[in-house]
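input09.cif follows; it contains mmCIF, C-alpha atoms and all ligand atoms.
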data_start
loop_
_atom_site.label_atom_id
_atom_site.label_comp_id
_atom_site.auth_asym_id
_atom_site.auth_seq_id
_atom_site.Cartn_x
_atom_site.Cartn_y
_atom_site.Cartn_z
CA MET A 48 128.27 132.51 116.74
CA LEU A 49 126.52 129.25 115.77
CA ARG A 50 128.70 126.29 114.98
CA GLU A 51 128.41 124.38 111.72
CA ILE A 52 126.67 121.03 111.83
CA ARG A 53 127.26 117.98 109.66
CA GLN A 54 124.64 116.77 107.19
CA ASN A 55 122.58 113.60 107.60
CA GLU A 56 120.90 111.83 104.69
CA LYS A 57 117.86 110.80 106.75
CA ILE A 58 117.22 114.11 108.51
CA SER A 59 117.16 117.61 107.02
CA TYR A 60 116.68 120.98 108.70
CA HIS A 61 116.16 124.61 107.85
CA ILE A 62 115.27 127.82 109.61
CA GLU A 63 112.33 129.96 108.60
CA GLY A 64 111.73 133.06 110.76
CA PRO A 65 111.07 131.87 114.33
CA PHE A 66 110.77 128.23 113.21
CA PHE A 67 113.58 125.65 113.25
CA ILE A 68 112.21 122.89 111.05
CA ILE A 69 113.56 119.36 111.33
CA ARG A 70 112.34 116.80 108.81
CA LEU A 71 112.77 113.01 108.63
CA VAL A 72 113.34 112.23 104.96
CA LYS A 73 113.76 108.44 104.67
CA PRO A 74 110.21 107.26 103.93
CA ASP A 75 111.26 103.99 102.21
CA ASN A 76 112.16 102.40 105.57
CA LEU A 77 109.36 104.33 107.31
CA ASN A 78 111.91 106.78 108.76
CA ALA A 79 113.58 104.21 111.02
CA LEU A 80 116.59 105.81 112.70
CA GLU A 81 119.98 104.44 113.69
CA GLY A 82 121.87 105.46 116.84
CA GLU A 83 123.85 108.10 114.94
CA ASP A 84 120.61 109.59 113.58
CA TYR A 85 119.18 109.98 117.07
CA ILE A 86 122.43 111.70 118.09
CA TYR A 87 122.05 114.00 115.07
CA LEU A 88 118.50 114.85 116.19
CA GLY A 89 119.89 115.79 119.60
CA GLU A 90 122.56 117.95 117.98
CA LEU A 91 119.92 119.75 115.90
CA LEU A 92 117.93 120.47 119.03
CA GLU A 93 121.04 121.97 120.60
CA LEU A 94 121.53 124.11 117.50
CA ALA A 95 117.94 125.35 117.72
CA ASP A 96 118.37 126.02 121.44
CA LYS A 97 121.37 128.24 120.84
CA ASN A 98 119.75 130.32 118.08
CA SER A 99 118.13 133.34 119.68
CA ASP A 100 115.98 134.00 116.57
CA VAL A 101 114.31 130.59 116.99
CA TYR A 102 111.22 130.18 119.21
CA PHE A 103 109.67 126.99 117.86
CA THR A 104 111.33 123.70 116.94
CA ILE A 105 109.11 121.82 114.54
CA LEU A 106 109.42 118.09 113.83
CA GLN A 107 108.09 116.94 110.48
CA SER A 108 108.36 113.71 108.55
CA THR A 109 107.65 112.23 105.12
CA GLY A 110 105.75 109.26 103.73
CA ARG A 111 103.20 107.09 105.55
CA PHE A 112 104.96 106.81 108.96
CA PHE A 113 106.34 109.55 111.18
CA SER A 114 109.05 107.07 112.24
CA SER A 115 109.19 103.31 112.83
CA GLY A 116 111.74 103.79 115.64
CA ALA A 117 115.15 102.21 116.05
CA ASP A 118 116.46 100.71 112.80
CA PHE A 119 116.71 96.94 113.33
CA LYS A 120 119.38 96.70 110.63
CA GLY A 121 121.51 99.25 112.49
CA ILE A 122 121.13 97.28 115.73
CA ALA A 123 122.28 94.07 114.01
CA ARG A 124 125.29 95.98 112.59
CA ALA A 125 126.26 97.23 116.05
CA GLN A 126 126.32 93.63 117.24
CA MET A 127 128.46 92.36 114.35
CA ASP A 128 130.93 95.28 114.37
CA ASP A 129 134.21 93.40 114.64
CA GLY A 130 136.19 96.60 114.02
CA VAL A 131 135.55 97.77 117.58
CA LYS A 132 136.87 95.73 120.50
CA TYR A 133 134.80 96.21 123.61
CA ALA A 134 136.09 95.08 127.00
CA SER A 135 132.74 93.49 127.79
CA GLU A 136 129.09 93.29 126.75
CA THR A 137 128.39 96.03 129.29
CA SER A 138 130.96 98.27 127.61
CA LYS A 139 129.46 97.52 124.18
CA TRP A 140 125.90 98.42 125.14
CA LEU A 141 126.95 101.45 127.16
CA SER A 142 128.34 102.75 123.90
CA ASN A 143 125.71 101.45 121.48
CA PHE A 144 122.64 102.05 123.58
CA VAL A 145 122.99 103.97 126.86
CA ALA A 146 125.07 106.96 125.73
CA ARG A 147 122.99 107.64 122.61
CA ASN A 148 119.64 107.10 124.21
CA VAL A 149 120.32 109.24 127.26
CA TYR A 150 121.73 112.03 125.07
CA VAL A 151 118.79 112.41 122.68
CA THR A 152 116.24 112.07 125.48
CA ASP A 153 118.06 114.73 127.50
CA ALA A 154 118.15 117.05 124.46
CA PHE A 155 114.33 116.84 124.24
CA ILE A 156 113.79 117.12 128.00
CA LYS A 157 115.88 120.27 128.38
CA HIS A 158 114.94 121.92 125.07
CA SER A 159 113.96 125.54 125.70
CA LYS A 160 112.02 126.25 122.48
CA VAL A 161 108.39 125.20 121.99
CA LEU A 162 108.49 121.71 120.46
CA VAL A 163 105.83 121.09 117.81
CA CYS A 164 105.32 117.67 116.23
CA CYS A 165 103.54 117.26 112.88
CA LEU A 166 102.37 113.66 113.13
CA ASN A 167 101.99 112.57 109.49
CA GLY A 168 101.53 108.91 110.49
CA PRO A 169 102.29 106.40 113.25
CA ALA A 170 105.39 106.61 115.44
CA ILE A 171 107.08 103.65 117.16
CA GLY A 172 109.62 103.05 119.93
CA LEU A 173 112.19 105.71 120.74
CA SER A 174 110.77 108.01 118.05
CA ALA A 175 107.32 107.72 119.64
CA ALA A 176 108.95 108.52 122.99
CA LEU A 177 110.32 111.75 121.49
CA VAL A 178 106.87 112.61 120.13
CA ALA A 179 105.53 112.27 123.68
CA LEU A 180 108.15 114.81 124.81
CA CYS A 181 106.79 117.44 122.39
CA ASP A 182 104.70 120.35 123.67
CA ILE A 183 102.17 120.50 120.82
CA VAL A 184 101.16 117.70 118.42
CA TYR A 185 99.11 118.06 115.21
CA SER A 186 97.89 115.01 113.31
CA ILE A 187 97.35 114.50 109.60
CA ASN A 188 94.22 112.39 110.23
CA ASP A 189 92.76 109.84 112.67
CA LYS A 190 94.96 106.93 111.45
CA VAL A 191 97.96 107.99 113.52
CA TYR A 192 99.04 105.96 116.56
CA LEU A 193 101.96 105.68 118.97
CA LEU A 194 103.38 102.23 119.72
CA TYR A 195 105.89 101.48 122.48
CA PRO A 196 106.69 97.80 121.75
CA PHE A 197 109.11 97.37 124.65
CA ALA A 198 107.39 94.22 126.00
CA ASN A 199 107.55 92.60 122.53
CA LEU A 200 111.25 93.45 122.13
CA GLY A 201 112.58 92.44 125.56
CA LEU A 202 113.08 96.05 126.61
CA ILE A 203 111.70 98.41 129.22
CA THR A 204 110.43 101.98 129.01
CA GLU A 205 112.86 104.50 127.59
CA GLY A 206 112.95 108.05 126.22
CA GLY A 207 111.24 109.38 129.36
CA THR A 208 108.06 107.36 128.65
CA SER A 209 107.81 106.17 132.28
CA VAL A 210 106.93 109.80 133.06
CA SER A 211 105.56 111.26 129.80
CA LEU A 212 102.92 108.58 129.11
CA PRO A 213 101.25 108.48 132.55
CA LEU A 214 101.40 112.28 132.57
CA LYS A 215 99.72 112.65 129.19
CA PHE A 216 97.40 109.60 129.09
CA GLY A 217 96.97 108.59 132.75
CA PRO A 218 98.68 105.72 134.61
CA ASN A 219 96.15 102.93 133.99
CA ALA A 220 95.75 103.60 130.26
CA THR A 221 99.54 103.56 130.09
CA TYR A 222 99.87 100.24 131.96
CA GLU A 223 97.30 98.56 129.70
CA ARG A 224 99.12 99.63 126.53
CA LEU A 225 102.71 99.14 127.66
CA VAL A 226 102.26 95.82 129.41
CA PHE A 227 100.16 94.28 126.61
CA ASN A 228 102.08 96.00 123.79
CA LYS A 229 99.04 97.84 122.43
CA PRO A 230 99.17 101.14 120.55
CA PHE A 231 97.90 104.48 121.82
CA LYS A 232 95.40 105.14 119.07
CA TYR A 233 93.91 108.41 117.87
CA ASP A 234 90.88 108.19 120.20
CA ILE A 235 92.91 108.21 123.42
CA MET A 236 95.27 110.84 122.01
CA CYS A 237 92.25 113.08 121.35
CA GLN A 238 90.45 112.38 124.63
CA ASN A 239 93.50 113.53 126.55
CA GLY A 240 94.20 116.61 124.46
CA PHE A 241 97.48 115.10 123.26
CA ILE A 242 96.55 116.08 119.69
CA SER A 243 95.65 119.75 119.35
CA LYS A 244 94.19 119.50 115.86
CA ASN A 245 93.38 116.82 113.30
CA PHE A 246 94.00 118.26 109.83
CA ARG A 247 91.81 115.55 108.20
CA MET A 248 94.05 115.02 105.19
CA PRO A 249 94.85 111.77 103.31
CA SER A 250 97.87 109.82 104.64
CA SER A 251 99.50 110.23 101.23
CA ASP A 252 99.61 114.04 101.66
CA ALA A 253 102.38 114.42 104.26
CA GLU A 254 103.99 117.26 102.33
CA ALA A 255 100.74 119.24 102.06
CA PHE A 256 100.04 118.54 105.76
CA ASN A 257 103.47 119.88 106.80
CA GLU A 258 102.90 123.02 104.74
CA GLU A 259 99.39 123.52 106.13
CA VAL A 260 100.63 123.26 109.74
CA LEU A 261 103.36 125.81 109.00
CA LYS A 262 100.85 128.14 107.36
CA GLU A 263 98.65 128.00 110.48
CA LEU A 264 101.62 128.48 112.79
CA ARG A 265 102.74 131.59 110.86
CA GLU A 266 99.25 133.04 111.37
CA LYS A 267 99.09 131.97 115.02
CA VAL A 268 102.36 133.63 116.04
CA GLU A 269 101.52 136.92 114.36
CA GLY A 270 101.51 139.75 116.91
CA LEU A 271 102.71 137.57 119.79
CA TYR A 272 105.59 138.58 122.01
CA LEU A 273 107.58 135.40 121.41
CA PRO A 274 109.86 135.60 124.50
CA SER A 275 106.64 135.20 126.54
CA CYS A 276 106.08 131.84 124.83
CA LEU A 277 109.51 130.64 125.94
CA GLY A 278 109.02 132.08 129.42
CA MET A 279 105.81 130.07 129.77
CA LYS A 280 107.43 126.91 128.42
CA LYS A 281 110.11 127.26 131.09
CA LEU A 282 107.48 127.48 133.83
CA LEU A 283 105.27 124.69 132.48
CA LYS A 284 108.35 122.47 132.21
CA ALA A 285 109.45 123.31 135.75
CA ASN A 286 106.59 121.14 137.05
CA HIS A 287 108.11 117.94 135.69
CA ILE A 288 111.75 118.51 134.79
CA ASP A 289 113.14 116.80 137.91
CA SER A 290 111.06 113.68 137.28
CA PHE A 291 112.21 113.55 133.65
CA ASN A 292 115.88 113.98 134.53
CA LYS A 293 115.66 111.25 137.14
CA ILE A 294 113.78 108.79 134.93
CA ASN A 295 116.14 109.27 131.97
CA SER A 296 118.97 107.88 134.04
CA LEU A 297 116.87 105.12 135.65
CA GLU A 298 115.48 103.99 132.29
CA VAL A 299 118.78 103.63 130.42
CA ASN A 300 120.59 102.03 133.34
CA GLY A 301 117.67 99.63 133.80
CA SER A 302 117.64 98.76 130.07
CA LEU A 303 121.37 98.12 129.98
CA GLN A 304 121.01 94.75 131.71
CA TYR A 305 118.41 93.64 129.14
CA TRP A 306 120.84 94.43 126.28
CA VAL A 307 123.70 92.68 128.07
CA ASP A 308 121.51 89.59 128.60
CA GLY A 309 120.77 89.54 124.85
CA GLU A 310 116.98 89.27 124.61
CA PRO A 311 116.39 92.59 122.72
CA LEU A 312 119.00 91.67 120.12
CA ARG A 313 117.39 88.27 119.55
CA ARG A 314 113.96 89.85 119.16
CA PHE A 315 115.16 92.69 116.90
CA GLY A 316 116.67 89.95 114.69
CA GLN A 317 113.27 88.21 114.52
CA LEU A 318 111.63 91.53 113.61
CA SER A 319 114.14 92.01 110.83
CA SER A 320 113.56 88.51 109.41
CA LYS A 321 109.78 89.05 109.80
CA GLU A 322 109.43 86.10 112.22
CA ARG A 323 108.11 88.59 114.77
CA LYS A 324 105.43 91.22 114.22
CA HIS A 325 103.79 93.85 116.36
CA ARG A 326 100.06 93.49 117.01
CA LEU A 327 98.43 96.71 115.82
C1 LIG A 401 118.28 102.11 120.36
C2 LIG A 401 117.37 101.02 120.81
C3 LIG A 401 116.02 101.56 121.07
C4 LIG A 401 114.91 100.87 120.80
C5 LIG A 401 113.59 101.46 120.96
C6 LIG A 401 112.76 101.35 119.73
O1 LIG A 401 112.73 102.25 118.91
S1 LIG A 401 111.88 99.94 119.59
C7 LIG A 401 111.01 100.11 118.05
C8 LIG A 401 111.70 99.48 116.90
N1 LIG A 401 110.84 99.51 115.74
C9 LIG A 401 109.94 98.58 115.52
O2 LIG A 401 109.76 97.67 116.30
C10 LIG A 401 109.11 98.72 114.24
C11 LIG A 401 109.50 97.65 113.26
N2 LIG A 401 108.65 97.73 112.05
C12 LIG A 401 107.46 97.13 111.98
O3 LIG A 401 106.96 96.51 112.89
C13 LIG A 401 106.70 97.29 110.69
O4 LIG A 401 107.61 97.65 109.67
C14 LIG A 401 105.60 98.40 110.79
C15 LIG A 401 106.17 99.69 111.32
C16 LIG A 401 104.48 97.89 111.70
C17 LIG A 401 105.01 98.68 109.38
O5 LIG A 401 104.60 97.48 108.78
P1 LIG A 401 104.21 97.49 107.21
O6 LIG A 401 103.79 96.11 106.87
O7 LIG A 401 103.24 98.59 106.97
O8 LIG A 401 105.55 97.87 106.44
P2 LIG A 401 106.88 96.98 106.27
O9 LIG A 401 107.10 96.14 107.47
O10 LIG A 401 106.82 96.29 104.95
O11 LIG A 401 108.01 98.11 106.25
C18 LIG A 401 108.35 98.85 105.06
C19 LIG A 401 109.86 98.88 104.94
O12 LIG A 401 110.41 99.58 106.05
C20 LIG A 401 111.37 98.77 106.73
N3 LIG A 401 111.32 99.05 108.17
C21 LIG A 401 110.23 99.28 108.90
N4 LIG A 401 110.57 99.50 110.18
C22 LIG A 401 111.91 99.39 110.25
C23 LIG A 401 112.85 99.50 111.30
N5 LIG A 401 112.47 99.78 112.57
N6 LIG A 401 114.14 99.33 111.02
C24 LIG A 401 114.56 99.07 109.75
N7 LIG A 401 113.71 98.95 108.70
C25 LIG A 401 112.40 99.11 108.96
C26 LIG A 401 110.92 97.34 106.44
O13 LIG A 401 111.98 96.43 106.61
C27 LIG A 401 110.47 97.47 104.98
O14 LIG A 401 111.62 97.50 104.18
P3 LIG A 401 111.73 96.48 102.92
O15 LIG A 401 113.10 96.77 102.38
O16 LIG A 401 110.60 96.89 102.02
O17 LIG A 401 111.57 95.11 103.50
#

Here is a file; write its structure as structure tokens.
Amino acid sequence: MLREIRQNEKISYHIEGPFFIIRLVKPDNLNALEGEDYIYLGELLELADKNSDVYFTILQSTGRFFSSGADFKGIARAQMDDGVKYASETSKWLSNFVARNVYVTDAFIKHSKVLVCCLNGPAIGLSAALVALCDIVYSINDKVYLLYPFANLGLITEGGTSVSLPLKFGPNATYERLVFNKPFKYDIMCQNGFISKNFRMPSSDAEAFNEEVLKELREKVEGLYLPSCLGMKKLLKANHIDSFNKINSLEVNGSLQYWVDGEPLRRFGQLSSKERKHRL
């Protein structure tokens, strides 16, 4: 018996045949997500995992961005939250960063269903890290990019990116982009087979793009023995699962000191007041 799950105003989900469809529905802030939203994403993945009728978990979004990553307003709120008394800065960031981050990353790493991402636009930060943990990625057009602005925000790699990015794009291409805070643009995503298909649709047509991907997927799965798909995912994942599990712990514990020292908070504040921008 599947348990009930709470609703979230930024993320919706529904089940259609073998597809568990998760959609980010807050386009006005470019689908930025707060800590609780990332936890909700993890909970939805668990729900999909437990449903034996589901074989594919599909991530969709709305508007011009897939997701602009961690919500800087939410991060500022976590800092100012006088209602909660933490014993120390370490205790505060264990709660506000480490626990949430490790949980959602783990939910993606261990997910047993085939993870499909419909990239309707750019993805940034932790959200982009989750995109890199997907098994299949389709793009709306060639304007999509992934940005991991850790060096600009006083952070280090997270969401498994220390493993996923070198694995999918090669170590040197990853160093160049992470160290100098440059995006992974469409060309490198294509060269490395990261994007399976470019649907060549206008950026304003996210809804039509999502529907078109679903239409193709319905056709593609016709006649397949779907347990074979999951059996193969399990084997393909077996190659890297130990590295992902290890890095998830190393990344969050490494990042903790940066949060405690305060540089990310200062830089997120500058982002929020538009004193700081990412170079794209
Ligand atoms: C848990 C800790 C983990 C951290 C890991 C991360 O996820 S790090 C990544 C954090 N995200 C970012 O650094 C992206 C910040 N956003 C931007 O740099 C820019 O908005 C953009 C994505 C480059 C897009 O720029 P553009 O000029 O096209 O749009 P606007 O800047 O005008 O944005 C439109 C509105 O959306 C709001 N918004 C965008 N991103 C965020 C965000 N991350 N958090 C909160 N709000 C965001 C922006 O403020 C605009 O809203 P207005 O009300 O219209 O001002």

Contact check, range 54-159 of chain A to range 295-310 of chain A, at most 7 Å, counting all atoms listed in the file, closest pairs as a tab-separated table:
residue	atom	partner	partner_atom	distance
A:Glu136	CA	A:Val307	CA	5.6
A:Thr137	CA	A:Val307	CA	5.9
A:Trp140	CA	A:Trp306	CA	6.5
A:Val145	CA	A:Val299	CA	5.5
A:Val149	CA	A:Asn295	CA	6.3

Quiz item: By how many Å are CA of Ile52 in chain A and CA of Thr104 in chain A apart?
Solution: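 CA of Thr104 in chain A lies 16.4 Å from CA of Ile52 in chain A.
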
Quiz item: Between A:Leu282, A:Leu94, A:Leu225, A:Val184, which one has atoms that come closest to Cys237 in chain A, using only C-alpha atoms?
Solution: A:Val184

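Proximity to Pro196 in chain A was assessed for A:Lys97, A:Tyr102, A:Ile62, A:Arg314 counting only C-alpha atoms; the smallest distance is recorded for A:Arg314.
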
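Distance annotation: of A:Lys132, A:Lys57, A:Lys321, A:His158, the residue with the minimal separation from ligand LIG 401 (chain A) is A:Lys321; atom set is all atoms listed in the file.
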